[in-house]
$ cat structure34.cif   # mmCIF, C-alpha atoms, pLDDT in the B column; chains and numbers go by the auth columns
data_protein
loop_
_atom_site.group_PDB
_atom_site.id
_atom_site.type_symbol
_atom_site.label_atom_id
_atom_site.label_comp_id
_atom_site.label_asym_id
_atom_site.label_seq_id
_atom_site.Cartn_x
_atom_site.Cartn_y
_atom_site.Cartn_z
_atom_site.B_iso_or_equiv
_atom_site.auth_seq_id
_atom_site.auth_asym_id
ATOM 1 C CA MET A 1 6.399 -5.219 -8.544 36.00 1 A
ATOM 2 C CA SER A 2 6.546 -7.964 -5.991 40.00 2 A
ATOM 3 C CA THR A 3 7.518 -11.581 -6.329 42.00 3 A
ATOM 4 C CA TYR A 4 4.102 -12.861 -5.250 45.00 4 A
ATOM 5 C CA THR A 5 2.147 -15.017 -7.667 50.00 5 A
ATOM 6 C CA GLN A 6 -1.360 -14.313 -8.781 52.00 6 A
ATOM 7 C CA PRO A 7 -4.173 -16.612 -7.683 50.00 7 A
ATOM 8 C CA THR A 8 -5.418 -18.773 -10.520 48.00 8 A
ATOM 9 C CA ASP A 9 -9.007 -17.638 -10.044 69.00 9 A
ATOM 10 C CA VAL A 10 -9.433 -14.052 -8.848 67.00 10 A
ATOM 11 C CA MET A 11 -13.161 -14.667 -8.699 64.00 11 A
ATOM 12 C CA LEU A 12 -12.556 -16.650 -5.499 76.00 12 A
ATOM 13 C CA LEU A 13 -11.559 -13.402 -3.808 82.00 13 A
ATOM 14 C CA GLN A 14 -14.120 -11.496 -1.752 92.00 14 A
ATOM 15 C CA PRO A 15 -13.749 -7.678 -1.864 94.00 15 A
ATOM 16 C CA GLU A 16 -15.409 -7.291 1.539 95.00 16 A
ATOM 17 C CA ARG A 17 -12.948 -9.758 3.089 95.00 17 A
ATOM 18 C CA LEU A 18 -10.002 -7.983 1.491 96.00 18 A
ATOM 19 C CA ALA A 19 -11.282 -4.658 2.834 97.00 19 A
ATOM 20 C CA ASP A 20 -11.649 -6.205 6.294 97.00 20 A
ATOM 21 C CA ASP A 21 -8.090 -7.565 6.064 96.00 21 A
ATOM 22 C CA LEU A 22 -6.742 -4.091 5.296 98.00 22 A
ATOM 23 C CA ALA A 23 -8.811 -2.530 8.091 98.00 23 A
ATOM 24 C CA GLN A 24 -7.467 -5.116 10.544 98.00 24 A
ATOM 25 C CA VAL A 25 -3.880 -4.322 9.549 97.00 25 A
ATOM 26 C CA LEU A 26 -4.561 -0.638 10.221 98.00 26 A
ATOM 27 C CA ASP A 27 -6.353 -1.270 13.510 98.00 27 A
ATOM 28 C CA SER A 28 -3.532 -3.511 14.708 97.00 28 A
ATOM 29 C CA ALA A 29 -0.604 -1.356 13.599 98.00 29 A
ATOM 30 C CA LEU A 30 -1.765 2.183 14.345 98.00 30 A
ATOM 31 C CA PRO A 31 -1.771 2.027 18.170 98.00 31 A
ATOM 32 C CA ARG A 32 1.751 0.579 18.103 97.00 32 A
ATOM 33 C CA LEU A 33 2.960 3.086 15.500 98.00 33 A
ATOM 34 C CA ARG A 34 1.587 5.945 17.598 98.00 34 A
ATOM 35 C CA GLN A 35 3.725 4.770 20.538 97.00 35 A
ATOM 36 C CA ILE A 36 6.869 5.504 18.529 97.00 36 A
ATOM 37 C CA THR A 37 8.218 8.918 19.442 97.00 37 A
ATOM 38 C CA ASP A 38 9.038 11.560 16.875 96.00 38 A
ATOM 39 C CA LEU A 39 12.740 11.091 17.659 96.00 39 A
ATOM 40 C CA GLU A 40 12.561 7.285 17.347 96.00 40 A
ATOM 41 C CA SER A 41 10.787 7.643 14.000 97.00 41 A
ATOM 42 C CA GLN A 42 13.874 9.386 12.598 97.00 42 A
ATOM 43 C CA ARG A 43 16.259 6.480 13.260 95.00 43 A
ATOM 44 C CA PRO A 44 16.683 3.673 10.750 93.00 44 A
ATOM 45 C CA ARG A 45 16.541 0.193 12.311 85.00 45 A
ATOM 46 C CA GLU A 46 19.754 -0.704 10.473 88.00 46 A
ATOM 47 C CA SER A 47 22.518 1.279 8.834 91.00 47 A
ATOM 48 C CA GLY A 48 21.710 2.113 5.222 91.00 48 A
ATOM 49 C CA LYS A 49 17.995 1.350 5.638 94.00 49 A
ATOM 50 C CA TRP A 50 14.985 3.649 5.723 96.00 50 A
ATOM 51 C CA SER A 51 13.791 5.182 8.987 97.00 51 A
ATOM 52 C CA PRO A 52 10.208 4.511 10.144 98.00 52 A
ATOM 53 C CA ARG A 53 9.269 7.927 8.691 98.00 53 A
ATOM 54 C CA GLN A 54 10.642 6.932 5.299 98.00 54 A
ATOM 55 C CA ILE A 55 8.943 3.524 5.428 98.00 55 A
ATOM 56 C CA ILE A 56 5.576 5.137 6.187 98.00 56 A
ATOM 57 C CA GLY A 57 6.330 7.640 3.414 98.00 57 A
ATOM 58 C CA HIS A 58 6.914 4.738 1.047 98.00 58 A
ATOM 59 C CA LEU A 59 3.596 3.231 2.152 98.00 59 A
ATOM 60 C CA ILE A 60 1.922 6.588 1.489 98.00 60 A
ATOM 61 C CA ASP A 61 3.363 6.496 -2.048 98.00 61 A
ATOM 62 C CA SER A 62 2.131 2.927 -2.427 98.00 62 A
ATOM 63 C CA ALA A 63 -1.366 3.975 -1.305 98.00 63 A
ATOM 64 C CA CYS A 64 -1.410 6.865 -3.797 97.00 64 A
ATOM 65 C CA ASN A 65 -0.220 4.769 -6.716 96.00 65 A
ATOM 66 C CA ASN A 66 -2.506 1.853 -5.903 97.00 66 A
ATOM 67 C CA HIS A 67 -5.490 4.145 -5.433 98.00 67 A
ATOM 68 C CA GLN A 68 -5.128 5.077 -9.108 97.00 68 A
ATOM 69 C CA ARG A 69 -4.956 1.402 -10.106 97.00 69 A
ATOM 70 C CA PHE A 70 -7.866 0.311 -7.882 98.00 70 A
ATOM 71 C CA VAL A 71 -10.184 3.032 -9.186 98.00 71 A
ATOM 72 C CA ARG A 72 -9.155 2.962 -12.843 98.00 72 A
ATOM 73 C CA LEU A 73 -9.467 -0.841 -12.990 98.00 73 A
ATOM 74 C CA GLN A 74 -13.087 -0.547 -11.914 97.00 74 A
ATOM 75 C CA ILE A 75 -13.757 1.783 -14.830 98.00 75 A
ATOM 76 C CA GLU A 76 -11.644 0.168 -17.550 97.00 76 A
ATOM 77 C CA ARG A 77 -11.041 -3.505 -18.330 97.00 77 A
ATOM 78 C CA GLU A 78 -7.336 -2.808 -18.679 96.00 78 A
ATOM 79 C CA ILE A 79 -5.032 0.094 -17.961 96.00 79 A
ATOM 80 C CA HIS A 80 -1.491 1.032 -18.933 95.00 80 A
ATOM 81 C CA LEU A 81 0.119 3.052 -16.139 90.00 81 A
ATOM 82 C CA PRO A 82 3.789 3.369 -15.252 87.00 82 A
ATOM 83 C CA GLY A 83 5.227 1.966 -12.066 85.00 83 A
ATOM 84 C CA TYR A 84 7.153 4.290 -9.801 88.00 84 A
ATOM 85 C CA LYS A 85 10.739 4.625 -8.630 94.00 85 A
ATOM 86 C CA GLN A 86 10.289 3.957 -4.927 95.00 86 A
ATOM 87 C CA VAL A 87 13.628 5.234 -3.627 95.00 87 A
ATOM 88 C CA GLU A 88 13.402 8.417 -5.673 97.00 88 A
ATOM 89 C CA TRP A 89 9.819 9.092 -4.555 97.00 89 A
ATOM 90 C CA VAL A 90 10.810 8.834 -0.897 97.00 90 A
ATOM 91 C CA ALA A 91 13.857 11.068 -1.427 96.00 91 A
ATOM 92 C CA VAL A 92 12.036 13.751 -3.439 97.00 92 A
ATOM 93 C CA GLN A 93 9.259 14.075 -0.870 98.00 93 A
ATOM 94 C CA HIS A 94 11.628 14.376 2.117 97.00 94 A
ATOM 95 C CA TYR A 95 9.549 12.173 4.391 97.00 95 A
ATOM 96 C CA ALA A 96 12.443 12.152 6.875 95.00 96 A
ATOM 97 C CA ASP A 97 11.715 15.851 7.475 96.00 97 A
ATOM 98 C CA ARG A 98 7.976 15.493 8.179 97.00 98 A
ATOM 99 C CA PRO A 99 6.577 15.114 11.707 98.00 99 A
ATOM 100 C CA TRP A 100 5.779 11.475 12.553 98.00 100 A
ATOM 101 C CA LYS A 101 2.207 12.293 13.626 98.00 101 A
ATOM 102 C CA ASP A 102 1.476 14.015 10.299 98.00 102 A
ATOM 103 C CA LEU A 103 2.768 11.030 8.324 98.00 103 A
ATOM 104 C CA LEU A 104 0.700 8.574 10.363 98.00 104 A
ATOM 105 C CA ASN A 105 -2.447 10.670 9.931 98.00 105 A
ATOM 106 C CA LEU A 106 -1.965 10.871 6.156 98.00 106 A
ATOM 107 C CA TRP A 107 -1.179 7.149 5.882 98.00 107 A
ATOM 108 C CA GLU A 108 -4.243 6.240 7.934 98.00 108 A
ATOM 109 C CA GLY A 109 -6.565 8.542 5.967 98.00 109 A
ATOM 110 C CA LEU A 110 -5.427 7.204 2.604 98.00 110 A
ATOM 111 C CA ASN A 111 -5.810 3.616 3.740 98.00 111 A
ATOM 112 C CA ARG A 112 -9.216 4.111 5.372 98.00 112 A
ATOM 113 C CA HIS A 113 -10.347 5.403 1.992 98.00 113 A
ATOM 114 C CA LEU A 114 -8.824 2.372 0.252 98.00 114 A
ATOM 115 C CA VAL A 115 -10.749 0.104 2.656 98.00 115 A
ATOM 116 C CA HIS A 116 -13.908 1.847 1.432 98.00 116 A
ATOM 117 C CA VAL A 117 -12.909 1.568 -2.253 98.00 117 A
ATOM 118 C CA ILE A 118 -12.017 -2.112 -1.920 98.00 118 A
ATOM 119 C CA ALA A 119 -15.218 -2.945 -0.017 98.00 119 A
ATOM 120 C CA HIS A 120 -17.285 -1.480 -2.861 98.00 120 A
ATOM 121 C CA THR A 121 -15.394 -3.233 -5.655 97.00 121 A
ATOM 122 C CA GLN A 122 -17.644 -5.347 -7.847 96.00 122 A
ATOM 123 C CA LYS A 123 -16.387 -8.903 -8.060 94.00 123 A
ATOM 124 C CA PRO A 124 -16.104 -9.025 -11.892 94.00 124 A
ATOM 125 C CA HIS A 125 -13.708 -6.057 -11.762 96.00 125 A
ATOM 126 C CA LEU A 126 -11.177 -8.173 -9.865 96.00 126 A
ATOM 127 C CA ALA A 127 -10.205 -9.767 -13.189 95.00 127 A
ATOM 128 C CA HIS A 128 -9.449 -6.407 -14.870 96.00 128 A
ATOM 129 C CA GLU A 129 -5.762 -5.943 -15.648 96.00 129 A
ATOM 130 C CA TRP A 130 -2.978 -3.428 -15.239 96.00 130 A
ATOM 131 C CA ILE A 131 -0.698 -4.047 -18.221 95.00 131 A
ATOM 132 C CA THR A 132 3.031 -3.484 -17.716 90.00 132 A
ATOM 133 C CA PRO A 133 5.827 -4.073 -20.228 88.00 133 A
ATOM 134 C CA ASP A 134 6.621 -7.374 -18.483 88.00 134 A
ATOM 135 C CA ARG A 135 3.196 -8.808 -17.676 90.00 135 A
ATOM 136 C CA ALA A 136 -0.399 -8.186 -16.630 93.00 136 A
ATOM 137 C CA TRP A 137 -1.581 -7.862 -13.027 94.00 137 A
ATOM 138 C CA THR A 138 -5.232 -8.389 -12.074 96.00 138 A
ATOM 139 C CA LEU A 139 -6.985 -5.994 -9.734 97.00 139 A
ATOM 140 C CA GLY A 140 -7.588 -8.885 -7.354 96.00 140 A
ATOM 141 C CA PHE A 141 -3.875 -9.615 -7.215 95.00 141 A
ATOM 142 C CA LEU A 142 -3.002 -5.935 -6.794 97.00 142 A
ATOM 143 C CA ILE A 143 -5.280 -5.636 -3.766 97.00 143 A
ATOM 144 C CA GLU A 144 -3.892 -8.784 -2.148 95.00 144 A
ATOM 145 C CA ASP A 145 -0.339 -7.725 -2.919 96.00 145 A
ATOM 146 C CA TYR A 146 -0.969 -4.237 -1.529 98.00 146 A
ATOM 147 C CA ILE A 147 -1.996 -5.678 1.837 97.00 147 A
ATOM 148 C CA ALA A 148 0.941 -8.128 1.895 96.00 148 A
ATOM 149 C CA HIS A 149 3.372 -5.370 0.900 97.00 149 A
ATOM 150 C CA MET A 150 2.105 -3.198 3.733 98.00 150 A
ATOM 151 C CA GLY A 151 2.520 -6.044 6.208 96.00 151 A
ATOM 152 C CA HIS A 152 6.083 -6.624 5.029 96.00 152 A
ATOM 153 C CA HIS A 153 7.040 -2.994 5.643 97.00 153 A
ATOM 154 C CA LEU A 154 5.189 -2.710 8.944 97.00 154 A
ATOM 155 C CA LEU A 155 7.266 -5.625 10.239 95.00 155 A
ATOM 156 C CA GLN A 156 10.355 -3.540 9.496 95.00 156 A
ATOM 157 C CA ILE A 157 9.052 -0.893 11.904 96.00 157 A
ATOM 158 C CA LEU A 158 7.193 -3.127 14.370 94.00 158 A
ATOM 159 C CA PRO A 159 9.030 -6.430 14.648 79.00 159 A
ATOM 160 C CA GLU A 160 6.922 -9.116 16.265 70.00 160 A
#
$ encode --input "structure34.cif" --output "structure tokens"
Amino acid sequence: MSTYTQPTDVMLLQPERLADDLAQVLDSALPRLRQITDLESQRPRESGKWSPRQIIGHLIDSACNNHQRFVRLQIEREIHLPGYKQVEWVAVQHYADRPWKDLLNLWEGLNRHLVHVIAHTQKPHLAHEWITPDRAWTLGFLIEDYIAHMGHHLLQILPE
């Protein structure tokens, strides 16, 4: 998990605003991501780091894992799901071998659906918790963290 801290009152969060925030990240990043050529998407920005393809692959994994959390936490007050081994997930799925356009289309589709899911989240559900061996994470925090996490990784591909 991340090093972000949870807000003290998740009820101050507005699902519609969070959904808009995610949609704005997508609308801002996608045109710039689509300007990256297939060849450029294969090259890591630094030695020993992921390529843009692998970063988007990681964000696809994040979308898939968080989709489960976002939906399940609207059905149950608390859930107990494992985390995931990020490096291993990227390696096993061979994102470096997928065409850049295909990865972007999948990433966009998953996230457009998450915008929809988040926008329809009932406010009381934001306090529901994902229980891990170390601590509990509220749905509200998970949504905020998801958007921040995406922004962090997009800056690795698209420096300002």
$ resolve_selection --input "structure34.cif" --expression "the PyMOL selection byres ((chain A and resi 44-48) around 12)" --output "NGL selection string"
:A and (39-43 or 49-55 or 96 or 155-159)
$ residues_around --input "structure34.cif" --residues "A:Gln122" --least-positions-apart "3" --cutoff "8 Å" --atoms "all atoms listed in the file" --output "NGL selection string"
:A and (15 or 74 or 125-126)
$ closest_residue --input "structure34.cif" --among "A:Pro124, A:Leu13, A:Asp61, A:His67" --to "A:Gln93" --atoms "all atoms listed in the file"
A:Asp61
$ resolve_selection --input "structure34.cif" --expression "the PyMOL selection byres ((chain A and resi 137) around 10)" --output "ChimeraX atom specification"
/A:1,5-6,78-79,127-132,134-136,138-142
$ residues_near_point --input "structure34.cif" --point "(-10.3, -0.1, 9.0)" --cutoff "10 Å" --atoms "only C-alpha atoms" --output "NGL selection string"
:A and (19-28 or 108-109 or 111-116)
$ resolve_selection --input "structure34.cif" --expression "the PyMOL selection byres ((chain A and resi 107) around 9)" --output "tab-separated table (two decimals) with C-alpha atoms, in the frame of the given file"
chain	number	residue	atom	x	y	z
A	56	ILE	CA	5.58	5.14	6.19
A	57	GLY	CA	6.33	7.64	3.41
A	59	LEU	CA	3.60	3.23	2.15
A	60	ILE	CA	1.92	6.59	1.49
A	63	ALA	CA	-1.37	3.98	-1.30
A	102	ASP	CA	1.48	14.02	10.30
A	103	LEU	CA	2.77	11.03	8.32
A	104	LEU	CA	0.70	8.57	10.36
A	105	ASN	CA	-2.45	10.67	9.93
A	106	LEU	CA	-1.96	10.87	6.16
A	108	GLU	CA	-4.24	6.24	7.93
A	109	GLY	CA	-6.56	8.54	5.97
A	110	LEU	CA	-5.43	7.20	2.60
A	111	ASN	CA	-5.81	3.62	3.74
A	112	ARG	CA	-9.22	4.11	5.37
$ atom_distance --input "structure34.cif" --atom1 "atom CA of A:Leu33" --atom2 "atom CA of A:Arg17"
23.9 Å
$ closest_residue --input "structure34.cif" --among "A:Val117, A:Leu12, A:Leu18, A:Leu154" --to "A:Asn66" --atoms "all atoms listed in the file"
A:Val117
$ closest_residue --input "structure34.cif" --among "A:Val71, A:His94, A:Trp100, A:Gln14" --to "A:Gln35" --atoms "only C-alpha atoms"
A:Trp100
